[in-house]
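Data file: run.cif. Format and content: mmCIF, C-alpha atoms.
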data_target
#
loop_
_atom_site.label_atom_id
_atom_site.label_comp_id
_atom_site.auth_asym_id
_atom_site.auth_seq_id
_atom_site.Cartn_x
_atom_site.Cartn_y
_atom_site.Cartn_z
CA MET Z 1 5.06 4.61 21.37
CA ALA Z 2 5.66 1.37 19.47
CA HIS Z 3 3.43 2.70 16.68
CA LEU Z 4 5.39 5.94 16.42
CA LEU Z 5 8.67 4.08 16.19
CA GLY Z 6 7.19 1.59 13.75
CA VAL Z 7 6.03 4.33 11.39
CA THR Z 8 9.38 6.10 11.72
CA SER Z 9 11.16 2.89 10.84
CA LEU Z 10 9.02 2.42 7.72
CA VAL Z 11 9.74 5.97 6.54
CA MET Z 12 13.47 5.55 7.15
CA GLY Z 13 13.36 2.29 5.23
CA GLU Z 14 12.18 4.15 2.14
CA HIS Z 15 15.36 6.20 1.96
CA GLY Z 16 17.02 5.67 -1.37
CA VAL Z 17 14.34 3.26 -2.54
CA GLY Z 18 11.45 5.14 -4.08
CA GLY Z 19 10.87 8.40 -5.90
CA VAL Z 20 10.67 10.46 -2.72
CA ALA Z 21 13.92 11.51 -1.07
CA VAL Z 22 13.58 10.88 2.67
CA SER Z 23 14.71 13.88 4.69
CA GLU Z 24 15.41 14.34 8.39
CA GLU Z 25 12.25 16.41 8.62
CA MET Z 26 10.24 13.48 7.29
CA VAL Z 27 11.76 11.13 9.87
CA ILE Z 28 10.97 13.57 12.67
CA THR Z 29 7.47 14.05 11.29
CA ALA Z 30 6.89 10.30 11.29
CA LEU Z 31 7.85 10.19 14.95
CA LEU Z 32 5.46 13.01 15.80
CA HIS Z 33 2.71 12.36 13.27
CA ASP Z 34 -0.01 11.85 15.89
CA ALA Z 35 1.19 14.59 18.22
CA ALA Z 36 -1.17 17.38 17.19
CA GLU Z 37 -4.11 15.09 16.44
CA ASP Z 38 -4.01 13.26 19.77
CA HIS Z 39 -2.18 15.62 22.08
CA GLY Z 40 -3.24 19.22 22.05
CA GLY Z 41 -4.20 20.15 18.49
CA ALA Z 42 -3.21 23.60 17.26
CA ILE Z 43 -1.34 24.46 20.46
CA ARG Z 44 0.79 21.33 20.10
CA LEU Z 45 1.45 22.21 16.49
CA LEU Z 46 2.78 25.61 17.55
CA ASP Z 47 4.98 23.93 20.15
CA ILE Z 48 6.36 21.57 17.49
CA GLU Z 49 7.08 24.53 15.22
CA GLN Z 50 8.98 26.29 18.00
CA ASN Z 51 10.94 23.19 18.99
CA LEU Z 52 11.48 21.38 15.70
CA GLY Z 53 10.81 23.89 12.95
CA ALA Z 54 8.11 25.03 10.54
CA VAL Z 55 8.70 22.26 7.98
CA VAL Z 56 8.05 19.52 10.54
CA ALA Z 57 5.03 21.38 11.94
CA HIS Z 58 3.58 21.81 8.45
CA MET Z 59 3.97 18.10 7.68
CA VAL Z 60 2.50 17.06 11.05
CA GLU Z 61 -0.48 19.28 10.25
CA GLY Z 62 -0.81 17.51 6.91
CA LEU Z 63 -1.04 14.20 8.76
CA SER Z 64 -3.64 15.38 11.26
CA ASP Z 65 -7.34 14.81 10.70
CA THR Z 66 -8.25 17.17 13.52
CA LEU Z 67 -6.62 19.98 15.41
CA ALA Z 68 -9.11 19.86 18.27
CA GLU Z 69 -7.43 20.75 21.52
CA SER Z 70 -7.24 18.34 24.47
CA GLY Z 71 -10.63 18.09 26.14
CA GLN Z 72 -12.42 19.42 23.06
CA GLU Z 73 -14.72 17.03 21.28
CA LYS Z 74 -13.45 15.90 17.88
CA GLU Z 75 -15.60 16.24 14.79
CA ARG Z 76 -17.90 13.35 13.81
CA TRP Z 77 -15.83 10.38 12.47
CA GLU Z 78 -17.35 10.43 8.96
CA ASP Z 79 -16.90 14.19 8.61
CA ARG Z 80 -13.37 14.09 9.94
CA LYS Z 81 -12.26 11.25 7.68
CA SER Z 82 -13.94 12.66 4.56
CA ALA Z 83 -12.34 16.06 5.13
CA TYR Z 84 -8.98 14.40 5.71
CA LEU Z 85 -9.22 12.48 2.42
CA ARG Z 86 -9.80 15.75 0.55
CA LYS Z 87 -6.90 17.35 2.36
CA LEU Z 88 -4.51 14.44 1.79
CA GLU Z 89 -5.22 14.44 -1.92
CA VAL Z 90 -3.41 17.78 -2.34
CA GLU Z 91 -0.64 17.15 0.19
CA SER Z 92 2.96 16.75 -0.91
CA ALA Z 93 4.52 13.41 -1.83
CA GLU Z 94 6.52 13.64 1.40
CA VAL Z 95 3.39 13.89 3.54
CA GLN Z 96 1.69 11.13 1.57
CA LEU Z 97 4.67 8.83 2.15
CA SER Z 98 4.47 9.37 5.90
CA SER Z 99 0.71 8.85 5.71
CA VAL Z 100 0.95 5.51 3.93
CA ALA Z 101 3.64 4.38 6.41
CA ASP Z 102 1.20 5.20 9.21
CA LYS Z 103 -1.60 3.25 7.56
CA VAL Z 104 0.61 0.26 6.75
CA HIS Z 105 1.64 0.02 10.38
CA ASN Z 106 -1.97 0.36 11.52
CA ALA Z 107 -3.18 -2.33 9.10
CA ARG Z 108 -0.43 -4.74 10.17
CA THR Z 109 -1.32 -4.20 13.81
CA MET Z 110 -5.01 -4.72 13.08
CA LEU Z 111 -4.28 -8.00 11.34
CA GLU Z 112 -2.12 -9.19 14.22
CA ASP Z 113 -4.78 -8.19 16.72
CA TYR Z 114 -7.52 -9.89 14.71
CA ARG Z 115 -5.61 -13.16 14.92
CA VAL Z 116 -5.68 -12.84 18.71
CA CYS Z 117 -9.09 -11.37 19.49
CA GLY Z 118 -11.16 -11.98 16.35
CA ALA Z 119 -14.11 -9.72 15.61
CA GLY Z 120 -13.64 -8.03 18.97
CA LEU Z 121 -10.97 -6.05 17.17
CA TRP Z 122 -13.52 -3.67 15.67
CA LYS Z 123 -14.89 -2.72 19.09
CA ARG Z 124 -11.64 -0.87 19.70
CA PHE Z 125 -12.49 1.63 17.00
CA LYS Z 126 -15.08 4.35 16.70
CA ARG Z 127 -16.44 2.65 13.60
CA GLY Z 128 -16.67 -1.00 12.53
CA ARG Z 129 -15.18 -3.20 9.84
CA ASP Z 130 -17.01 -1.86 6.80
CA GLN Z 131 -16.28 1.78 7.54
CA GLN Z 132 -12.68 1.08 8.43
CA LEU Z 133 -12.18 -0.80 5.17
CA TRP Z 134 -13.96 1.97 3.24
CA TYR Z 135 -11.57 4.52 4.70
CA MET Z 136 -8.52 2.37 3.89
CA ARG Z 137 -9.62 1.92 0.27
CA GLU Z 138 -10.20 5.64 -0.14
CA LEU Z 139 -6.73 6.31 1.23
CA LEU Z 140 -5.25 3.72 -1.10
CA SER Z 141 -6.86 5.44 -4.06
CA ILE Z 142 -5.15 8.71 -3.10
CA TYR Z 143 -1.77 7.02 -2.60
CA ARG Z 144 -2.16 5.35 -6.00
CA GLY Z 145 -2.83 8.78 -7.54
CA GLY Z 146 0.58 9.83 -6.26
CA GLY Z 147 2.29 7.04 -8.20
CA LYS Z 148 3.75 3.66 -7.39
CA GLY Z 149 5.57 2.83 -4.21
CA ARG Z 150 6.52 -0.14 -2.07
CA LEU Z 151 4.48 1.02 0.89
CA THR Z 152 1.42 1.66 -1.26
CA ASP Z 153 1.72 -1.86 -2.70
CA GLU Z 154 2.07 -3.23 0.82
CA PHE Z 155 -0.97 -1.26 1.98
CA GLU Z 156 -3.03 -2.72 -0.85
CA ARG Z 157 -1.95 -6.25 0.09
CA LEU Z 158 -2.81 -5.61 3.73
CA ILE Z 159 -6.27 -4.30 2.90
CA ALA Z 160 -6.96 -7.40 0.83
CA GLU Z 161 -5.70 -9.64 3.62
CA LEU Z 162 -7.68 -7.80 6.25
CA CYS Z 163 -10.80 -7.95 4.10
CA HIS Z 164 -10.35 -11.68 3.48
CA ALA Z 165 -9.41 -12.61 7.04
CA THR Z 166 -12.21 -10.68 8.70
CA GLY Z 167 -14.96 -11.27 6.11
CA MET B 1 9.98 -2.58 20.68
CA LEU B 2 11.19 -0.66 23.71
CA GLU B 3 14.53 -2.34 23.45
CA TYR B 4 14.72 -1.28 19.82
CA SER B 5 13.88 2.26 20.86
CA GLY B 6 16.59 2.34 23.47
CA TYR B 7 19.17 0.95 21.10
CA ARG B 8 18.33 3.32 18.31
CA THR B 9 18.22 6.32 20.60
CA HIS B 10 21.59 5.41 22.03
CA TYR B 11 23.04 4.80 18.59
CA LEU B 12 21.84 8.12 17.23
CA ARG B 13 22.96 10.05 20.26
CA SER B 14 26.40 8.54 20.03
CA ALA B 15 26.56 9.48 16.39
CA THR B 16 25.30 13.01 16.87
CA ASP B 17 27.81 13.52 19.65
CA ALA B 18 30.48 13.11 17.00
CA GLU B 19 29.87 14.85 13.68
CA GLY B 20 26.18 14.52 13.02
CA GLY B 21 24.23 11.30 13.02
CA GLU B 22 23.98 9.00 10.11
CA MET B 23 22.46 5.65 9.49
CA ALA B 24 23.14 3.33 6.60
CA GLY B 25 20.08 1.49 5.37
CA ASP B 26 19.84 -1.65 3.27
CA THR B 27 20.18 0.47 0.14
CA GLY B 28 23.67 1.51 1.05
CA LYS B 29 22.61 5.16 0.93
CA THR B 30 23.05 7.18 4.06
CA LEU B 31 20.33 9.12 5.77
CA HIS B 32 21.83 11.96 7.78
CA LEU B 33 20.23 12.77 11.09
CA SER B 34 21.27 15.63 13.33
CA SER B 35 20.65 16.50 16.95
CA ARG B 36 17.18 17.66 15.86
CA PHE B 37 16.19 14.02 15.55
CA SER B 38 17.49 13.30 19.04
CA ALA B 39 15.41 16.26 20.25
CA ALA B 40 12.34 14.73 18.58
CA VAL B 41 13.10 11.35 20.19
CA ASP B 42 13.09 13.13 23.54
CA TYR B 43 9.88 14.97 22.65
CA ALA B 44 7.79 11.96 21.54
CA PRO B 45 7.83 9.93 24.80
CA ILE B 46 6.65 13.01 26.70
CA LEU B 47 3.50 12.88 24.61
CA HIS B 48 3.16 9.19 25.30
CA VAL B 49 3.36 9.74 29.04
CA GLU B 50 0.82 12.56 28.82
CA GLN B 51 -1.56 10.21 27.04
CA ARG B 52 -1.33 7.63 29.80
#
Would you write the structure of this file as structure tokens?
Amino acid sequence: MAHLLGVTSLVMGEHGVGGVAVSEEMVITALLHDAAEDHGGAIRLLDIEQNLGAVVAHMVEGLSDTLAESGQEKERWEDRKSAYLRKLEVESAEVQLSSVADKVHNARTMLEDYRVCGAGLWKRFKRGRDQQLWYMRELLSIYRGGGKGRLTDEFERLIAELCHATG
Amino acid sequence: MLEYSGYRTHYLRSATDAEGGEMAGDTGKTLHLSSRFSAAVDYAPILHVEQR
């Protein structure tokens, strides 16, 4: 829950700052960005559409790397992440802003956790340091393609710090 | 973090009870939030509980 609120806070903090106008739908999407991916897939997405509207549901879908339903096995990590990178590349600036907020919060948490548990950090993930850093750099390249932004700059700094600290 | 959540939820609900929520950020520009955001705040913890 702390992650959801953290990402929401980052998106709200971009209001009036960058080139993307932050809307209520974006704030709601930030709060629910993992809902379909982690809690029910396509069925959850339909529930979100019914409860919070089609715009939010569409953006949540844009932030989901799988729509596998609960109990269903997710696609292989490499396939899922590669497909998501291709999908994100053509998503709207609004979705990309929520995405970079998500990744900034993740990277900050990873750095904090690394300071506490060292290399044991990577055991919490399905893939290790090199693959995680590969994925982050690929994401960064897509965010950079969408133009400049405070969160993108912050994400780049965090990747460099994570790379240096854990190398 | 939970304390922050409780505060923010309370703040927004108070605001939406009046004439639609709003929150002034550091930029001085106002982001308007309606009862839809409160509904989403209620929706998100349900997912969290389901996960646990």
| message | Quick one: residues within 12 Å of Arg108 (chain Z), all atoms listed in the file, excluding same-chain residues fewer than 6 positions away - as a list in words? | response | His3, Gly6, Val7, Ala101, Asp102, Tyr114, Arg115, Leu151, Glu154, Phe155, Glu156, Arg157, Leu158, Ile159, Ala160, Glu161 and Leu162 of chain Z
| field | Nearest candidate to Leu52 (chain Z) (options Z:Glu78, Z:Ser70, Z:Glu25, Z:Asp34; using all atoms listed in the file) | value |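 For Leu52 (chain Z), the nearest of the given residues is Z:Glu25.
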| message | Using all atoms listed in the file and a cutoff of 9 Å, can you tell me which residues are near (6.6, 13.6, 3.4) in the file's coordinates, and write them out as an NGL selection string? | response | :Z and (11 or 20-23 or 25-27 or 29-30 or 59 or 91-99)
| Which distance in Å separates CA of Ala165 (chain Z) and CA of Thr152 (chain Z), to one decimal? |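 Spanning CA of Ala165 (chain Z) to CA of Thr152 (chain Z) is a straight-line distance of 19.7 Å.
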| message | As a check of understanding, name the residues that the PyMOL selection byres ((chain Z and resi 48) around 10) selects in the supplied structure, as a PyMOL selection string. | response | (chain Z and resi 29+32+35-36+42-47+49-58+60) or (chain B and resi 40+43)
| message | Expand the PyMOL selection byres ((chain B and resi 37) around 9) into the explicit residue set it covers here, and present it as a PyMOL selection string. | response | (chain Z and resi 24-25+27-28+52) or (chain B and resi 12+21+33-36+38-42)
| message | Quick one: residues within 12 Å of Lys123 (chain Z), all atoms listed in the file, excluding same-chain residues fewer than 4 positions away - as a count of residues only? | response | 10
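Counting from CA of Gly18 (chain Z), the distance to CA of Lys148 (chain Z) is 8.5 Å.
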| For Glu37 (chain Z): contacts at 8 Å, all atoms listed in the file, fewer than 6 positions along chain excluded, given as a list in words |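 With the cut-off at 8 Å, the set is Ser64, Asp65, Thr66, Leu67 and Ala68 of chain Z.
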